[in-house]
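Note: the block below is my_file-v4.pdb and it holds PDB, C-alpha atoms.
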```pdb
ATOM      1  CA  MET A   1     -35.276  -5.225  24.119
ATOM      2  CA  MET A   2     -32.133  -3.231  24.865
ATOM      3  CA  HIS A   3     -32.403   0.320  23.634
ATOM      4  CA  ALA A   4     -29.936   2.839  22.259
ATOM      5  CA  THR A   5     -28.328   0.161  20.108
ATOM      6  CA  VAL A   6     -27.979  -0.305  16.389
ATOM      7  CA  SER A   7     -29.414  -3.811  16.611
ATOM      8  CA  ALA A   8     -32.557  -2.552  18.370
ATOM      9  CA  TYR A   9     -32.959  -0.098  15.495
ATOM     10  CA  ASN A  10     -32.412  -2.951  13.016
ATOM     11  CA  ARG A  11     -35.164  -4.903  14.755
ATOM     12  CA  GLY A  12     -37.602  -2.036  14.215
ATOM     13  CA  CYS A  13     -37.264   0.213  17.258
ATOM     14  CA  ARG A  14     -37.551   3.854  16.221
ATOM     15  CA  CYS A  15     -37.240   5.531  19.614
ATOM     16  CA  ASP A  16     -34.982   8.589  19.639
ATOM     17  CA  ASP A  17     -32.136   6.762  21.398
ATOM     18  CA  CYS A  18     -32.035   3.870  18.925
ATOM     19  CA  THR A  19     -32.390   6.180  15.938
ATOM     20  CA  ASP A  20     -29.508   8.305  17.249
ATOM     21  CA  ALA A  21     -27.380   5.198  17.858
ATOM     22  CA  ALA A  22     -27.982   3.972  14.300
ATOM     23  CA  ALA A  23     -27.188   7.406  12.854
ATOM     24  CA  GLU A  24     -23.957   7.593  14.854
ATOM     25  CA  TYR A  25     -22.977   4.115  13.703
ATOM     26  CA  ARG A  26     -23.567   5.012  10.066
ATOM     27  CA  ARG A  27     -21.640   8.270  10.465
ATOM     28  CA  ARG A  28     -18.727   6.691  12.308
ATOM     29  CA  TYR A  29     -18.401   3.479  10.339
ATOM     30  CA  ARG A  30     -19.471   4.545   6.861
ATOM     31  CA  SER A  31     -18.371   1.741   4.592
ATOM     32  CA  ALA A  32     -17.252   1.424   1.039
ATOM     33  CA  GLY A  33     -20.348  -0.731   0.598
ATOM     34  CA  ALA A  34     -22.476   2.395   0.510
ATOM     35  CA  PHE A  35     -20.655   3.474  -2.624
ATOM     36  CA  LEU A  36     -21.232   0.019  -4.120
ATOM     37  CA  GLY A  37     -24.953   0.137  -3.421
ATOM     38  CA  ILE A  38     -24.739  -2.490  -0.670
ATOM     39  CA  ASN A  39     -26.693  -1.479   2.422
ATOM     40  CA  LEU A  40     -25.852  -3.201   5.705
ATOM     41  CA  TYR A  41     -29.285  -2.428   7.091
ATOM     42  CA  GLU A  42     -30.968  -4.404   4.290
ATOM     43  CA  GLN A  43     -29.118  -7.661   4.954
ATOM     44  CA  HIS A  44     -31.560 -10.466   5.851
ATOM     45  CA  TRP A  45     -29.101 -12.281   8.120
ATOM     46  CA  LEU A  46     -28.546  -9.296  10.412
ATOM     47  CA  LYS A  47     -31.522 -10.151  12.639
ATOM     48  CA  ASP A  48     -29.905 -13.505  13.532
ATOM     49  CA  ALA A  49     -26.441 -12.142  14.270
ATOM     50  CA  LYS A  50     -25.069 -13.068  17.672
ATOM     51  CA  CYS A  51     -23.667  -9.549  18.036
ATOM     52  CA  GLY A  52     -27.171  -8.060  18.068
ATOM     53  CA  GLY A  53     -27.541  -5.684  20.999
ATOM     54  CA  MET A  54     -23.804  -5.497  21.665
ATOM     55  CA  SER A  55     -21.711  -2.375  21.578
ATOM     56  CA  THR A  56     -20.008  -1.811  18.236
ATOM     57  CA  ASP A  57     -16.884  -0.904  20.217
ATOM     58  CA  VAL A  58     -16.264  -4.641  20.677
ATOM     59  CA  PHE A  59     -16.018  -5.112  16.917
ATOM     60  CA  PHE A  60     -14.231  -1.854  16.068
ATOM     61  CA  SER A  61     -11.242  -1.858  18.392
ATOM     62  CA  ASP A  62      -9.074   1.235  18.638
ATOM     63  CA  GLN A  63      -6.111  -0.801  19.853
ATOM     64  CA  PRO A  64      -3.159  -0.887  17.451
ATOM     65  CA  GLY A  65      -2.329  -4.099  15.651
ATOM     66  CA  GLY A  66      -5.735  -5.653  16.252
ATOM     67  CA  ALA A  67      -4.982  -6.358  19.916
ATOM     68  CA  GLY A  68      -8.607  -5.716  20.863
ATOM     69  CA  ASN A  69     -10.122  -8.172  18.386
ATOM     70  CA  ALA A  70     -10.047 -11.342  20.492
ATOM     71  CA  GLU A  71     -13.438 -10.752  22.133
ATOM     72  CA  ALA A  72     -15.126 -10.025  18.804
ATOM     73  CA  ILE A  73     -13.572 -13.068  17.158
ATOM     74  CA  GLU A  74     -14.748 -15.233  20.059
ATOM     75  CA  ILE A  75     -18.312 -13.906  19.724
ATOM     76  CA  CYS A  76     -18.247 -14.544  15.978
ATOM     77  CA  SER A  77     -16.904 -18.077  16.396
ATOM     78  CA  THR A  78     -20.335 -19.431  17.370
ATOM     79  CA  CYS A  79     -22.503 -17.020  15.377
ATOM     80  CA  PRO A  80     -25.023 -18.749  13.099
ATOM     81  CA  VAL A  81     -24.611 -16.100  10.369
ATOM     82  CA  LYS A  82     -20.826 -15.792  10.462
ATOM     83  CA  THR A  83     -20.442 -16.799   6.802
ATOM     84  CA  ASP A  84     -23.113 -14.359   5.598
ATOM     85  CA  CYS A  85     -21.487 -11.596   7.632
ATOM     86  CA  LEU A  86     -18.062 -12.327   6.188
ATOM     87  CA  GLU A  87     -19.417 -12.444   2.636
ATOM     88  CA  TYR A  88     -21.146  -9.106   3.185
ATOM     89  CA  ALA A  89     -17.889  -7.566   4.432
ATOM     90  CA  LEU A  90     -15.959  -8.900   1.445
ATOM     91  CA  ARG A  91     -18.573  -7.680  -1.072
ATOM     92  CA  ALA A  92     -18.887  -4.291   0.621
ATOM     93  CA  ASP A  93     -15.119  -3.925   0.996
ATOM     94  CA  GLU A  94     -15.421  -3.199   4.724
ATOM     95  CA  ARG A  95     -12.065  -1.782   5.775
ATOM     96  CA  PHE A  96     -12.584  -1.655   9.534
ATOM     97  CA  GLY A  97     -13.736  -3.918  12.314
ATOM     98  CA  VAL A  98     -14.250  -7.630  12.758
ATOM     99  CA  TRP A  99     -16.825  -9.103  10.379
ATOM    100  CA  GLY A 100     -17.613 -12.801  10.214
ATOM    101  CA  GLY A 101     -14.838 -13.503  12.678
ATOM    102  CA  LYS A 102     -12.159 -11.984  10.430
ATOM    103  CA  THR A 103     -10.044  -8.894  10.899
ATOM    104  CA  PRO A 104      -9.489  -6.383   8.094
ATOM    105  CA  ARG A 105      -6.083  -7.908   7.354
ATOM    106  CA  GLN A 106      -7.551 -11.428   7.181
ATOM    107  CA  ARG A 107     -10.300 -10.225   4.848
ATOM    108  CA  LEU A 108      -7.752  -8.597   2.567
ATOM    109  CA  ARG A 109      -5.934 -11.946   2.330
ATOM    110  CA  ILE A 110      -9.166 -13.799   1.548
ATOM    111  CA  ALA A 111     -10.051 -11.277  -1.169
ATOM    112  CA  ALA A 112      -6.543 -11.545  -2.674
ATOM    113  CA  GLU A 113      -6.723 -15.357  -2.649
ATOM    114  CA  ARG A 114     -10.106 -15.266  -4.399
ATOM    115  CA  ARG A 115      -8.814 -12.875  -7.066
ATOM    116  CA  ARG A 116      -5.778 -15.096  -7.619
ATOM    117  CA  ALA A 117      -7.973 -18.207  -7.938
ATOM    118  CA  LEU A 118     -10.181 -16.441 -10.493
ATOM    119  CA  ARG A 119      -7.167 -15.398 -12.556
ATOM    120  CA  GLU A 120      -5.778 -18.947 -12.499
ATOM    121  CA  ALA A 121      -9.151 -20.418 -13.471
ATOM    122  CA  SER A 122      -9.492 -18.242 -16.546
TER     123      SER A 122
END
```

Please express the file's structure as structure tokens.
Amino acid sequence: MMHATVSAYNRGCRCDDCTDAAAEYRRRYRSAGAFLGINLYEQHWLKDAKCGGMSTDVFFSDQPGGAGNAEAIEICSTCPVKTDCLEYALRADERFGVWGGKTPRQRLRIAAERRRALREAS
């Protein structure tokens, strides 16, 4: 098992390096989901995510305009839990990073389309 990664921590490793990596991730990428009572670390699908063991830097690009998202989107394209990941990000209102193969802008569009469909259905 690779150490000093969030996914190693998620898989049960509690060594100092993995614990520190998980704490840094939570500090750096604190999500709106925490305020909604949705905890990323309690998601059942996380253990099957293809991104497990990878650097979060791949999924949280600092490049303007989403230029650094291609690698993350490619990884997500064959992930077996891509839909669960995307649904988590939409429910938790994740504002940063690639989740379920979608950028923040794409997720905002999906959320807006869903709200519009609900309004039209009622």

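Put simply, CA of Gln106 in chain A is 12.7 Å away from CA of Glu87 in chain A.
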
What residues come out when you apply the PyMOL selection byres ((chain A and resi 69-77) around 10) to this file, written as an mmCIF file with C-alpha atoms, in the frame of the given file?
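This went into part_32.cif:
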```
data_model
loop_
_atom_site.group_PDB
_atom_site.id
_atom_site.type_symbol
_atom_site.label_atom_id
_atom_site.label_comp_id
_atom_site.auth_asym_id
_atom_site.auth_seq_id
_atom_site.Cartn_x
_atom_site.Cartn_y
_atom_site.Cartn_z
ATOM 1 C CA ALA A 49 -26.441 -12.142 14.270
ATOM 2 C CA LYS A 50 -25.069 -13.068 17.672
ATOM 3 C CA CYS A 51 -23.667 -9.549 18.036
ATOM 4 C CA THR A 56 -20.008 -1.811 18.236
ATOM 5 C CA ASP A 57 -16.884 -0.904 20.217
ATOM 6 C CA VAL A 58 -16.264 -4.641 20.677
ATOM 7 C CA PHE A 59 -16.018 -5.112 16.917
ATOM 8 C CA PHE A 60 -14.231 -1.854 16.068
ATOM 9 C CA SER A 61 -11.242 -1.858 18.392
ATOM 10 C CA ASP A 62 -9.074 1.235 18.638
ATOM 11 C CA GLN A 63 -6.111 -0.801 19.853
ATOM 12 C CA GLY A 65 -2.329 -4.099 15.651
ATOM 13 C CA GLY A 66 -5.735 -5.653 16.252
ATOM 14 C CA ALA A 67 -4.982 -6.358 19.916
ATOM 15 C CA GLY A 68 -8.607 -5.716 20.863
ATOM 16 C CA THR A 78 -20.335 -19.431 17.370
ATOM 17 C CA CYS A 79 -22.503 -17.020 15.377
ATOM 18 C CA PRO A 80 -25.023 -18.749 13.099
ATOM 19 C CA VAL A 81 -24.611 -16.100 10.369
ATOM 20 C CA LYS A 82 -20.826 -15.792 10.462
ATOM 21 C CA THR A 83 -20.442 -16.799 6.802
ATOM 22 C CA CYS A 85 -21.487 -11.596 7.632
ATOM 23 C CA GLY A 97 -13.736 -3.918 12.314
ATOM 24 C CA VAL A 98 -14.250 -7.630 12.758
ATOM 25 C CA TRP A 99 -16.825 -9.103 10.379
ATOM 26 C CA GLY A 100 -17.613 -12.801 10.214
ATOM 27 C CA GLY A 101 -14.838 -13.503 12.678
ATOM 28 C CA LYS A 102 -12.159 -11.984 10.430
ATOM 29 C CA THR A 103 -10.044 -8.894 10.899
#
```

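Pairwise distance (CA of Tyr88 in chain A, CA of Gln43 in chain A) equals 8.3 Å.
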
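Of the residues under consideration (A:Glu42, A:Asp20, A:Glu120, A:Glu113), A:Glu113 shows the shortest atom-to-atom contact distance to Leu90 in chain A when counting only C-alpha atoms.
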
Checklist entry - When you draw a straight line from CA of Lys47 in chain A to CA of Leu86 in chain A, how long is it in Å? => result 15.1 Å
